[in-house]
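Asks: Data file structure_24.txt (compact mmCIF, C-alpha atoms and all ligand atoms) is appended below.
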```
# COMPACT_ATOMS: atom_id res chain seq x y z
CA MET A 1 124.34 91.80 81.87
CA ILE A 2 124.27 91.54 85.66
CA ILE A 3 124.85 94.84 87.45
CA ASP A 4 125.53 94.86 91.18
CA CYS A 5 124.57 98.36 92.30
CA HIS A 6 126.13 98.19 95.76
CA GLY A 7 129.83 97.46 96.22
CA HIS A 8 132.49 99.14 98.35
CA TYR A 9 136.26 99.09 98.07
CA THR A 10 136.72 97.14 101.30
CA THR A 11 140.04 95.70 100.14
CA ALA A 12 141.94 98.95 99.44
CA PRO A 13 145.73 98.92 99.95
CA ARG A 14 146.60 99.05 103.64
CA GLN A 15 148.40 102.40 103.43
CA HIS A 16 145.14 104.10 102.38
CA GLU A 17 143.38 103.47 105.71
CA GLY A 18 146.74 103.89 107.46
CA TRP A 19 146.89 107.46 106.19
CA ARG A 20 143.36 108.08 107.46
CA THR A 21 144.46 107.09 111.00
CA GLN A 22 147.44 109.46 110.73
CA GLN A 23 145.23 112.22 109.38
CA ILE A 24 142.77 111.99 112.30
CA GLU A 25 145.62 111.77 114.84
CA ALA A 26 147.25 114.84 113.31
CA HIS A 27 143.93 116.70 113.41
CA ALA A 28 143.50 115.86 117.12
CA ALA A 29 147.04 117.10 117.80
CA GLY A 30 146.37 120.32 115.86
CA LYS A 31 148.98 119.45 113.25
CA PRO A 32 148.78 119.20 109.45
CA PRO A 33 148.31 115.66 108.06
CA PRO A 34 151.29 113.81 106.58
CA PRO A 35 151.50 113.60 102.77
CA ARG A 36 149.25 110.97 101.20
CA PRO A 37 150.92 107.60 100.61
CA ALA A 38 151.88 106.33 97.17
CA MET A 39 149.88 103.40 95.79
CA THR A 40 150.97 101.72 92.58
CA ASP A 41 148.58 100.46 89.91
CA ASP A 42 149.92 96.96 90.59
CA GLU A 43 149.01 97.22 94.28
CA ILE A 44 145.49 98.35 93.41
CA ARG A 45 145.18 95.69 90.71
CA ALA A 46 146.17 92.94 93.19
CA THR A 47 143.50 93.99 95.71
CA ILE A 48 140.79 93.84 93.03
CA GLU A 49 141.94 90.71 91.21
CA GLY A 50 142.07 88.79 94.48
CA GLY A 51 138.90 90.46 95.77
CA GLN A 52 135.87 91.92 94.03
CA LEU A 53 136.81 90.84 90.49
CA LYS A 54 137.36 87.27 91.64
CA VAL A 55 133.97 87.25 93.35
CA GLN A 56 132.27 88.72 90.26
CA GLN A 57 133.73 85.91 88.15
CA GLU A 58 132.85 83.18 90.66
CA ARG A 59 129.25 84.36 90.97
CA GLY A 60 128.64 85.28 87.35
CA THR A 61 128.05 89.01 87.72
CA ASP A 62 129.47 91.55 85.28
CA LEU A 63 129.67 95.03 86.71
CA THR A 64 129.76 96.56 90.18
CA ILE A 65 128.73 100.12 90.96
CA PHE A 66 131.60 100.83 93.27
CA SER A 67 132.12 103.35 96.07
CA PRO A 68 134.51 103.89 98.98
CA ARG A 69 134.18 101.67 102.06
CA ALA A 70 131.02 102.86 103.80
CA ALA A 71 132.04 102.32 107.43
CA GLY A 72 135.34 104.00 106.55
CA MET A 73 133.67 107.28 105.52
CA GLY A 74 133.65 108.25 109.22
CA HIS A 75 131.87 111.57 108.85
CA HIS A 76 131.81 111.92 112.64
CA LEU A 77 135.64 112.05 112.79
CA GLY A 78 137.69 115.21 112.40
CA ASP A 79 135.91 118.15 110.79
CA ALA A 80 134.77 119.35 107.37
CA THR A 81 138.38 119.89 106.28
CA THR A 82 139.50 116.36 107.15
CA SER A 83 136.31 114.97 105.56
CA ASP A 84 137.07 116.89 102.40
CA ALA A 85 140.63 115.54 102.11
CA TRP A 86 139.50 111.99 102.97
CA ALA A 87 136.59 111.98 100.51
CA GLY A 88 138.94 113.31 97.82
CA ALA A 89 141.45 110.51 98.51
CA CYS A 90 138.77 107.79 98.62
CA ASN A 91 137.03 108.93 95.42
CA GLU A 92 140.33 109.22 93.57
CA LEU A 93 141.08 105.63 94.50
CA ILE A 94 137.68 104.48 93.17
CA HIS A 95 138.42 106.35 89.95
CA ARG A 96 141.74 104.50 89.65
CA VAL A 97 139.98 101.13 90.12
CA CYS A 98 137.44 102.04 87.41
CA ALA A 99 140.26 103.12 85.07
CA LEU A 100 142.14 99.84 85.64
CA PHE A 101 139.03 97.66 85.28
CA PRO A 102 136.70 99.74 83.09
CA LYS A 103 134.46 96.82 82.11
CA ASN A 104 133.88 95.71 85.69
CA PHE A 105 133.51 98.83 87.83
CA VAL A 106 131.69 102.16 87.59
CA GLY A 107 132.15 104.73 90.33
CA VAL A 108 129.88 106.28 92.94
CA ALA A 109 131.13 109.09 95.20
CA MET A 110 131.30 109.39 98.94
CA LEU A 111 130.68 112.95 100.10
CA PRO A 112 132.83 115.07 102.42
CA GLN A 113 130.02 115.36 104.93
CA SER A 114 130.63 116.36 108.51
CA ALA A 115 128.28 116.30 111.48
CA ARG A 116 126.28 119.54 111.82
CA VAL A 117 127.87 121.05 108.68
CA ARG A 118 125.37 121.99 105.96
CA PRO A 119 126.16 119.76 102.97
CA THR A 120 126.70 122.75 100.66
CA ASN A 121 130.38 121.91 101.18
CA CYS A 122 129.82 118.65 99.23
CA ILE A 123 129.01 120.36 95.93
CA PRO A 124 132.57 120.76 94.57
CA GLU A 125 133.30 117.06 95.21
CA ILE A 126 130.07 116.03 93.45
CA ASP A 127 131.02 118.23 90.47
CA ARG A 128 134.50 116.73 90.37
CA CYS A 129 133.34 113.11 90.60
CA ILE A 130 130.66 113.47 87.93
CA ASN A 131 132.53 115.68 85.47
CA GLN A 132 136.11 114.45 85.85
CA TYR A 133 135.68 110.86 87.01
CA GLY A 134 132.47 109.90 85.21
CA PHE A 135 130.80 108.63 88.38
CA VAL A 136 127.10 107.84 88.17
CA GLY A 137 125.79 108.54 91.68
CA ILE A 138 126.51 109.47 95.28
CA ASN A 139 126.22 107.93 98.72
CA LEU A 140 124.39 110.31 101.04
CA ASN A 141 124.80 109.82 104.79
CA PRO A 142 121.62 110.90 106.62
CA ASP A 143 123.49 110.81 109.95
CA PRO A 144 127.03 112.18 109.69
CA SER A 145 127.25 112.11 113.50
CA GLY A 146 127.64 108.33 113.42
CA GLY A 147 124.64 107.15 115.40
CA HIS A 148 123.64 110.26 117.36
CA TRP A 149 121.39 111.82 114.67
CA GLN A 150 122.42 115.44 115.21
CA ASP A 151 121.59 116.74 111.73
CA PRO A 152 118.09 117.64 110.43
CA PRO A 153 116.01 114.89 108.76
CA LEU A 154 116.25 114.34 104.99
CA SER A 155 112.94 116.20 104.67
CA ASP A 156 114.63 119.43 105.73
CA ARG A 157 115.77 122.12 103.30
CA TYR A 158 119.18 121.72 104.92
CA TRP A 159 119.76 118.94 102.37
CA TYR A 160 118.37 120.75 99.34
CA PRO A 161 121.72 121.88 97.90
CA VAL A 162 122.60 118.19 97.41
CA TYR A 163 119.16 117.42 95.99
CA GLU A 164 119.50 120.29 93.50
CA LYS A 165 122.81 118.83 92.29
CA MET A 166 121.31 115.34 92.03
CA VAL A 167 118.55 116.68 89.81
CA GLU A 168 120.94 118.82 87.75
CA TYR A 169 123.11 115.79 86.94
CA ASP A 170 120.23 113.27 87.07
CA ILE A 171 122.15 111.06 89.49
CA PRO A 172 120.63 109.00 92.30
CA ALA A 173 121.78 108.91 95.90
CA MET A 174 122.07 105.74 97.91
CA ILE A 175 121.11 106.61 101.48
CA HIS A 176 124.00 105.08 103.38
CA VAL A 177 125.22 105.77 106.89
CA SER A 178 128.79 105.17 107.96
CA ALA A 179 130.29 103.66 111.12
CA SER A 180 128.48 104.07 114.40
CA CYS A 181 130.30 105.76 117.29
CA ASN A 182 127.29 105.14 119.52
CA PRO A 183 127.83 101.83 121.36
CA THR A 184 124.09 101.17 121.48
CA HIS A 185 124.05 100.84 117.68
CA HIS A 186 126.24 98.17 116.10
CA THR A 187 127.46 99.55 112.76
CA THR A 188 126.26 96.89 110.34
CA GLY A 189 123.73 95.00 112.50
CA SER A 190 121.77 97.98 113.71
CA HIS A 191 122.96 101.42 112.55
CA TYR A 192 122.87 100.59 108.81
CA LEU A 193 119.36 99.17 108.97
CA ASN A 194 118.19 102.00 111.22
CA GLY A 195 119.61 104.50 108.72
CA ASP A 196 117.78 102.85 105.83
CA THR A 197 114.49 102.74 107.72
CA ALA A 198 114.78 106.26 109.11
CA GLY A 199 115.76 107.66 105.71
CA PHE A 200 112.67 106.15 104.07
CA ASN A 201 110.39 107.49 106.79
CA GLN A 202 111.96 110.97 106.63
CA LEU A 203 111.37 111.12 102.88
CA MET A 204 107.84 109.74 103.18
CA THR A 205 106.79 112.58 105.48
CA SER A 206 108.43 115.27 103.38
CA SER A 207 107.73 117.44 100.36
CA VAL A 208 111.01 116.38 98.71
CA PHE A 209 109.27 114.56 95.85
CA LYS A 210 106.94 117.51 95.23
CA ASP A 211 109.92 119.86 95.15
CA PHE A 212 112.11 117.44 93.12
CA PRO A 213 109.75 115.22 91.07
CA THR A 214 112.59 113.44 89.23
CA ILE A 215 114.93 112.82 92.17
CA LYS A 216 115.88 109.20 92.88
CA PHE A 217 117.02 107.47 96.06
CA ILE A 218 118.13 103.90 96.63
CA ILE A 219 117.48 102.47 100.06
CA PRO A 220 120.12 99.78 100.54
CA HIS A 221 120.18 96.57 102.56
CA GLY A 222 116.80 95.59 101.16
CA GLY A 223 115.25 98.79 102.51
CA GLY A 224 116.06 98.13 106.16
CA ALA A 225 112.82 97.28 107.94
CA VAL A 226 110.61 98.99 105.35
CA PRO A 227 109.45 96.14 103.05
CA TYR A 228 108.74 93.89 106.05
CA HIS A 229 106.64 96.68 107.55
CA TRP A 230 105.10 97.97 104.30
CA GLY A 231 101.63 97.79 105.85
CA ARG A 232 102.73 100.06 108.69
CA TYR A 233 104.02 102.68 106.25
CA ARG A 234 100.92 102.43 104.10
CA GLY A 235 98.82 102.99 107.20
CA LEU A 236 100.98 105.86 108.44
CA ALA A 237 100.79 107.57 105.04
CA GLN A 238 97.00 107.10 105.01
CA ASP A 239 96.53 108.44 108.55
CA ALA A 240 98.68 111.47 107.70
CA LYS A 241 96.50 112.03 104.58
CA LEU A 242 99.56 111.70 102.35
CA GLY A 243 97.77 109.48 99.84
CA LEU A 244 98.72 106.01 98.69
CA LEU A 245 102.24 105.02 99.71
CA SER A 246 102.94 103.55 96.28
CA ASP A 247 101.96 106.84 94.58
CA LEU A 248 103.90 108.81 97.15
CA MET A 249 107.20 106.93 97.02
CA LEU A 250 107.65 104.55 94.14
CA ASN A 251 108.52 107.03 91.39
CA ASN A 252 111.49 108.13 93.44
CA VAL A 253 112.54 105.38 95.85
CA PHE A 254 114.19 102.07 95.00
CA PHE A 255 115.38 99.14 97.08
CA ASP A 256 118.47 96.99 96.63
CA THR A 257 118.73 93.25 97.23
CA CYS A 258 121.38 93.18 99.97
CA VAL A 259 119.26 90.73 101.94
CA TYR A 260 121.14 87.64 102.99
CA HIS A 261 118.58 84.85 102.93
CA LEU A 262 116.01 83.54 100.47
CA PRO A 263 112.87 84.20 102.58
CA GLY A 264 113.88 87.86 102.88
CA GLN A 265 114.33 88.17 99.11
CA GLU A 266 110.97 86.48 98.54
CA LEU A 267 109.31 89.02 100.81
CA LEU A 268 111.05 91.94 99.09
CA ALA A 269 109.94 90.72 95.66
CA LYS A 270 106.40 90.09 96.89
CA VAL A 271 105.92 93.49 98.55
CA ILE A 272 107.91 95.89 96.37
CA PRO A 273 107.10 96.21 92.63
CA VAL A 274 109.75 94.62 90.46
CA ASP A 275 110.44 98.00 88.80
CA ASN A 276 111.71 99.31 92.14
CA ILE A 277 114.21 96.53 92.97
CA LEU A 278 117.88 96.70 91.98
CA PHE A 279 120.24 93.77 92.22
CA ALA A 280 123.03 94.24 94.78
CA SER A 281 125.21 92.11 97.02
CA GLU A 282 127.62 94.41 98.92
CA MET A 283 130.13 91.61 98.43
CA ILE A 284 133.15 91.38 100.70
CA GLY A 285 131.23 93.63 103.03
CA ALA A 286 129.40 93.34 106.31
CA VAL A 287 128.66 89.60 106.21
CA ARG A 288 131.44 87.50 104.71
CA GLY A 289 130.74 83.98 106.03
CA ILE A 290 129.18 80.88 104.52
CA ASP A 291 125.64 79.94 105.52
CA PRO A 292 125.79 76.37 106.90
CA GLU A 293 122.17 75.86 105.82
CA THR A 294 122.98 76.43 102.14
CA GLY A 295 126.74 75.98 101.89
CA HIS A 296 126.98 79.32 100.07
CA HIS A 297 128.09 82.80 101.10
CA TYR A 298 125.31 84.78 102.75
CA ASP A 299 126.10 87.72 100.45
CA ASP A 300 125.87 85.67 97.23
CA THR A 301 122.53 87.32 96.59
CA LYS A 302 122.37 86.35 92.92
CA ARG A 303 121.54 82.81 94.05
CA TYR A 304 118.43 84.04 95.84
CA ILE A 305 117.19 86.06 92.85
CA ASP A 306 117.80 83.04 90.60
CA GLN A 307 115.47 81.04 92.87
CA LEU A 308 112.59 83.56 92.88
CA THR A 309 109.50 82.61 90.90
CA LEU A 310 109.64 85.67 88.66
CA SER A 311 109.55 85.78 84.87
CA PRO A 312 112.87 86.09 83.01
CA ALA A 313 111.79 89.59 81.96
CA ASP A 314 111.25 90.63 85.58
CA LYS A 315 114.58 89.16 86.63
CA ALA A 316 116.27 91.07 83.80
CA LYS A 317 114.80 94.28 85.24
CA ILE A 318 116.25 93.48 88.68
CA PHE A 319 119.63 92.42 87.32
CA GLU A 320 120.10 95.13 84.71
CA GLY A 321 117.23 97.25 83.40
CA ASN A 322 116.35 99.03 86.64
CA ALA A 323 120.00 99.93 87.35
CA ARG A 324 120.33 101.47 83.88
CA ARG A 325 117.13 103.45 84.47
CA VAL A 326 117.87 104.66 88.02
CA TYR A 327 121.54 105.43 87.31
CA SER A 328 120.61 107.30 84.17
CA ARG A 329 124.26 108.00 83.26
CA LEU A 330 125.25 104.37 83.56
CA SER A 331 124.58 103.13 80.02
CA LYS A 332 126.73 105.86 78.51
CA VAL A 333 129.55 105.19 80.99
CA ILE A 334 129.37 101.44 80.29
CA GLU A 335 129.67 102.14 76.57
CA LYS A 336 132.55 104.55 77.08
CA GLN A 337 134.44 102.36 79.53
CA ALA A 338 134.02 99.29 77.30
CA VAL A 339 135.99 101.12 74.60
ZN ZN A 401 127.06 99.53 101.67
```
Go ahead and express the file in the form of structure tokens.

Replies:
Amino acid sequence: MIIDCHGHYTTAPRQHEGWRTQQIEAHAAGKPPPPRPAMTDDEIRATIEGGQLKVQQERGTDLTIFSPRAAGMGHHLGDATTSDAWAGACNELIHRVCALFPKNFVGVAMLPQSARVRPTNCIPEIDRCINQYGFVGINLNPDPSGGHWQDPPLSDRYWYPVYEKMVEYDIPAMIHVSASCNPTHHTTGSHYLNGDTAGFNQLMTSSVFKDFPTIKFIIPHGGGAVPYHWGRYRGLAQDAKLGLLSDLMLNNVFFDTCVYHLPGQELLAKVIPVDNILFASEMIGAVRGIDPETGHHYDDTKRYIDQLTLSPADKAKIFEGNARRVYSRLSKVIEKQAV
């Protein structure tokens, strides 16, 4: 089985994002939002059959761990109340996709975060998504301000209510920022990779893994700059007398394979132990074009893994085994949804 641990519903029916615009406009005008739009199962089905399902079939992958559109989370817009309603709407839509295509999609929740609001307010939505929807993880935004970094670092106890829930349910968090509202940081070219890199560094210099020995984080987009600069982080950890970086981080931190060229994947697989790499593509996401050097889509990351000189057993870990281990609820959900 090939499990893609990083997919977003980037093709949701138009009225979904349309309502979000109305909601934020109403908030700015001090008015209540309009009622949420109706979306039929057929409308949802069409967006998936012509989108993510089609790509799965073309590329030979089986299952996508699926969450709301990341740039669309927009935690810097509105306030905690608008974030709560928006996260609820987005997660419900993911649940409907998973119910319509139970063999192909398993859900991950976006959280109703809001800049400078302690994430205690996210707990009810986590409970709902895990208990009612059968989701297997969360996306945690380390910068709900959208590129201005106004909240404390992930090392701070500010975040501990979310960490406690993660441990209680044994669910991982993918550290994933949303859109940038800071013009100096392009959303997908700079802010995403900055978020990944900053998140890793914040955790490295923290006591989070002492306080939560079983907690698990996935750093997406190949880990931002981290694998390329592994020597820098090893040296920083050593200078700070934190011990060996591999001992410090690799029981709790995992990297996905959303790296859009073969040399990058080769580096990732060379630097990071195979047990800490999860297959992912973020298909129909940030980079949708075809690479003229290969004739294939940049985000067809399975092709790069296929070309790595790893044993079949190691590739099976990247494609399936590690995802089942890190998303510890996944195997049960796969079994249940297959029925
Ligand atoms: Zn993403």

Asks: Given only C-alpha atoms as the basis, pick out the residue of A:Gly147, A:Pro153, A:Gly189, A:Gly18 nearest to Ala286 in chain A.

Replies: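 Of A:Gly147, A:Pro153, A:Gly189, A:Gly18, the one nearest Ala286 in chain A is A:Gly189, counting only C-alpha atoms.
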
Asks: So, counting all atoms listed in the file, which residue among A:Gly295, A:Pro33, A:Gly146, A:Gly72 is closest to ligand ZN 401 (chain A)?

Replies: A:Gly72

Asks: Would you mind reading off the distance between CA of Ser206 in chain A and CA of Ala237 in chain A, one decimal, in Å?

Replies: 11.0 Å

Asks: Using all atoms listed in the file, which of A:Lys336, A:His6, A:His27, A:Arg69 sits nearest Val259 in chain A?

Replies: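 Smallest distance to Val259 in chain A is found for A:His6.
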
Asks: When you look at range 218-228 of chain A with a cut-off of 8 Å (counting only C-alpha atoms), what residues show up, excluding the ones that are within fewer than 4 positions of it in the same chain? I need them as a list in words.

Replies: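 The filter keeps His6, Pro172, Ala173, Met174, Ile175, His176, Tyr192, Leu193, Asn194, Gly195, Asp196, Thr197, Gly199, Phe200, Tyr233, Val253, Phe254, Phe255, Asp256, Thr257, Cys258, Val259, Leu267, Leu268, Val271 and Ile272 of chain A.
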
Asks: Output range 266-288 of chain A from the block with N, CA and C atoms, as a PDB file, in the first residue's frame?

Replies:
```
ATOM      1  N   GLU A 266      17.250  12.545  -2.761  1.00  0.00           N
ATOM      2  CA  GLU A 266      18.463  11.755  -2.475  1.00  0.00           C
ATOM      3  C   GLU A 266      19.128  12.267  -1.197  1.00  0.00           C
ATOM      4  N   LEU A 267      19.175  13.596  -1.082  1.00  0.00           N
ATOM      5  CA  LEU A 267      19.782  14.185   0.117  1.00  0.00           C
ATOM      6  C   LEU A 267      18.981  13.825   1.363  1.00  0.00           C
ATOM      7  N   LEU A 268      17.658  13.957   1.260  1.00  0.00           N
ATOM      8  CA  LEU A 268      16.790  13.628   2.402  1.00  0.00           C
ATOM      9  C   LEU A 268      17.044  12.195   2.866  1.00  0.00           C
ATOM     10  N   ALA A 269      17.074  11.269   1.901  1.00  0.00           N
ATOM     11  CA  ALA A 269      17.226   9.852   2.241  1.00  0.00           C
ATOM     12  C   ALA A 269      18.639   9.531   2.744  1.00  0.00           C
ATOM     13  N   LYS A 270      19.604  10.360   2.363  1.00  0.00           N
ATOM     14  CA  LYS A 270      20.976  10.134   2.797  1.00  0.00           C
ATOM     15  C   LYS A 270      21.190  10.650   4.227  1.00  0.00           C
ATOM     16  N   VAL A 271      20.525  11.762   4.558  1.00  0.00           N
ATOM     17  CA  VAL A 271      20.780  12.447   5.821  1.00  0.00           C
ATOM     18  C   VAL A 271      19.871  11.944   6.943  1.00  0.00           C
ATOM     19  N   ILE A 272      18.600  11.732   6.596  1.00  0.00           N
ATOM     20  CA  ILE A 272      17.603  11.378   7.613  1.00  0.00           C
ATOM     21  C   ILE A 272      17.405   9.856   7.597  1.00  0.00           C
ATOM     22  N   PRO A 273      17.397   9.199   8.777  1.00  0.00           N
ATOM     23  CA  PRO A 273      17.190   7.741   8.795  1.00  0.00           C
ATOM     24  C   PRO A 273      15.864   7.369   8.135  1.00  0.00           C
ATOM     25  N   VAL A 274      15.859   6.247   7.464  1.00  0.00           N
ATOM     26  CA  VAL A 274      14.698   5.837   6.687  1.00  0.00           C
ATOM     27  C   VAL A 274      13.453   5.685   7.571  1.00  0.00           C
ATOM     28  N   ASP A 275      13.651   5.374   8.852  1.00  0.00           N
ATOM     29  CA  ASP A 275      12.517   5.242   9.777  1.00  0.00           C
ATOM     30  C   ASP A 275      11.809   6.563  10.058  1.00  0.00           C
ATOM     31  N   ASN A 276      12.447   7.660   9.682  1.00  0.00           N
ATOM     32  CA  ASN A 276      11.886   8.986   9.983  1.00  0.00           C
ATOM     33  C   ASN A 276      11.370   9.710   8.736  1.00  0.00           C
ATOM     34  N   ILE A 277      11.205   8.977   7.637  1.00  0.00           N
ATOM     35  CA  ILE A 277      10.748   9.602   6.382  1.00  0.00           C
ATOM     36  C   ILE A 277       9.395   9.005   5.991  1.00  0.00           C
ATOM     37  N   LEU A 278       8.431   9.890   5.732  1.00  0.00           N
ATOM     38  CA  LEU A 278       7.094   9.456   5.323  1.00  0.00           C
ATOM     39  C   LEU A 278       6.809   9.954   3.908  1.00  0.00           C
ATOM     40  N   PHE A 279       6.312   9.060   3.076  1.00  0.00           N
ATOM     41  CA  PHE A 279       5.970   9.454   1.718  1.00  0.00           C
ATOM     42  C   PHE A 279       4.858  10.506   1.720  1.00  0.00           C
ATOM     43  N   ALA A 280       5.027  11.523   0.876  1.00  0.00           N
ATOM     44  CA  ALA A 280       4.006  12.562   0.715  1.00  0.00           C
ATOM     45  C   ALA A 280       4.245  13.293  -0.594  1.00  0.00           C
ATOM     46  N   SER A 281       3.189  13.860  -1.142  1.00  0.00           N
ATOM     47  CA  SER A 281       3.343  14.609  -2.398  1.00  0.00           C
ATOM     48  C   SER A 281       2.737  16.009  -2.349  1.00  0.00           C
ATOM     49  N   GLU A 282       1.724  16.218  -1.492  1.00  0.00           N
ATOM     50  CA  GLU A 282       0.954  17.469  -1.490  1.00  0.00           C
ATOM     51  C   GLU A 282       0.451  17.756  -2.914  1.00  0.00           C
ATOM     52  N   MET A 283      -0.113  16.720  -3.513  1.00  0.00           N
ATOM     53  CA  MET A 283      -0.554  16.839  -4.912  1.00  0.00           C
ATOM     54  C   MET A 283      -1.673  17.870  -5.083  1.00  0.00           C
ATOM     55  N   ILE A 284      -1.676  18.448  -6.255  1.00  0.00           N
ATOM     56  CA  ILE A 284      -2.584  19.552  -6.602  1.00  0.00           C
ATOM     57  C   ILE A 284      -2.457  20.636  -5.529  1.00  0.00           C
ATOM     58  N   GLY A 285      -1.204  20.963  -5.260  1.00  0.00           N
ATOM     59  CA  GLY A 285      -0.911  21.916  -4.188  1.00  0.00           C
ATOM     60  C   GLY A 285      -0.127  23.105  -4.698  1.00  0.00           C
ATOM     61  N   ALA A 286       0.999  23.344  -4.039  1.00  0.00           N
ATOM     62  CA  ALA A 286       1.752  24.570  -4.290  1.00  0.00           C
ATOM     63  C   ALA A 286       2.380  24.617  -5.680  1.00  0.00           C
ATOM     64  N   VAL A 287       2.851  23.464  -6.154  1.00  0.00           N
ATOM     65  CA  VAL A 287       3.590  23.415  -7.415  1.00  0.00           C
ATOM     66  C   VAL A 287       2.880  22.420  -8.332  1.00  0.00           C
ATOM     67  N   ARG A 288       2.204  22.919  -9.350  1.00  0.00           N
ATOM     68  CA  ARG A 288       1.333  22.050 -10.140  1.00  0.00           C
ATOM     69  C   ARG A 288       1.857  21.778 -11.541  1.00  0.00           C
TER      70      ARG A 288
END
```
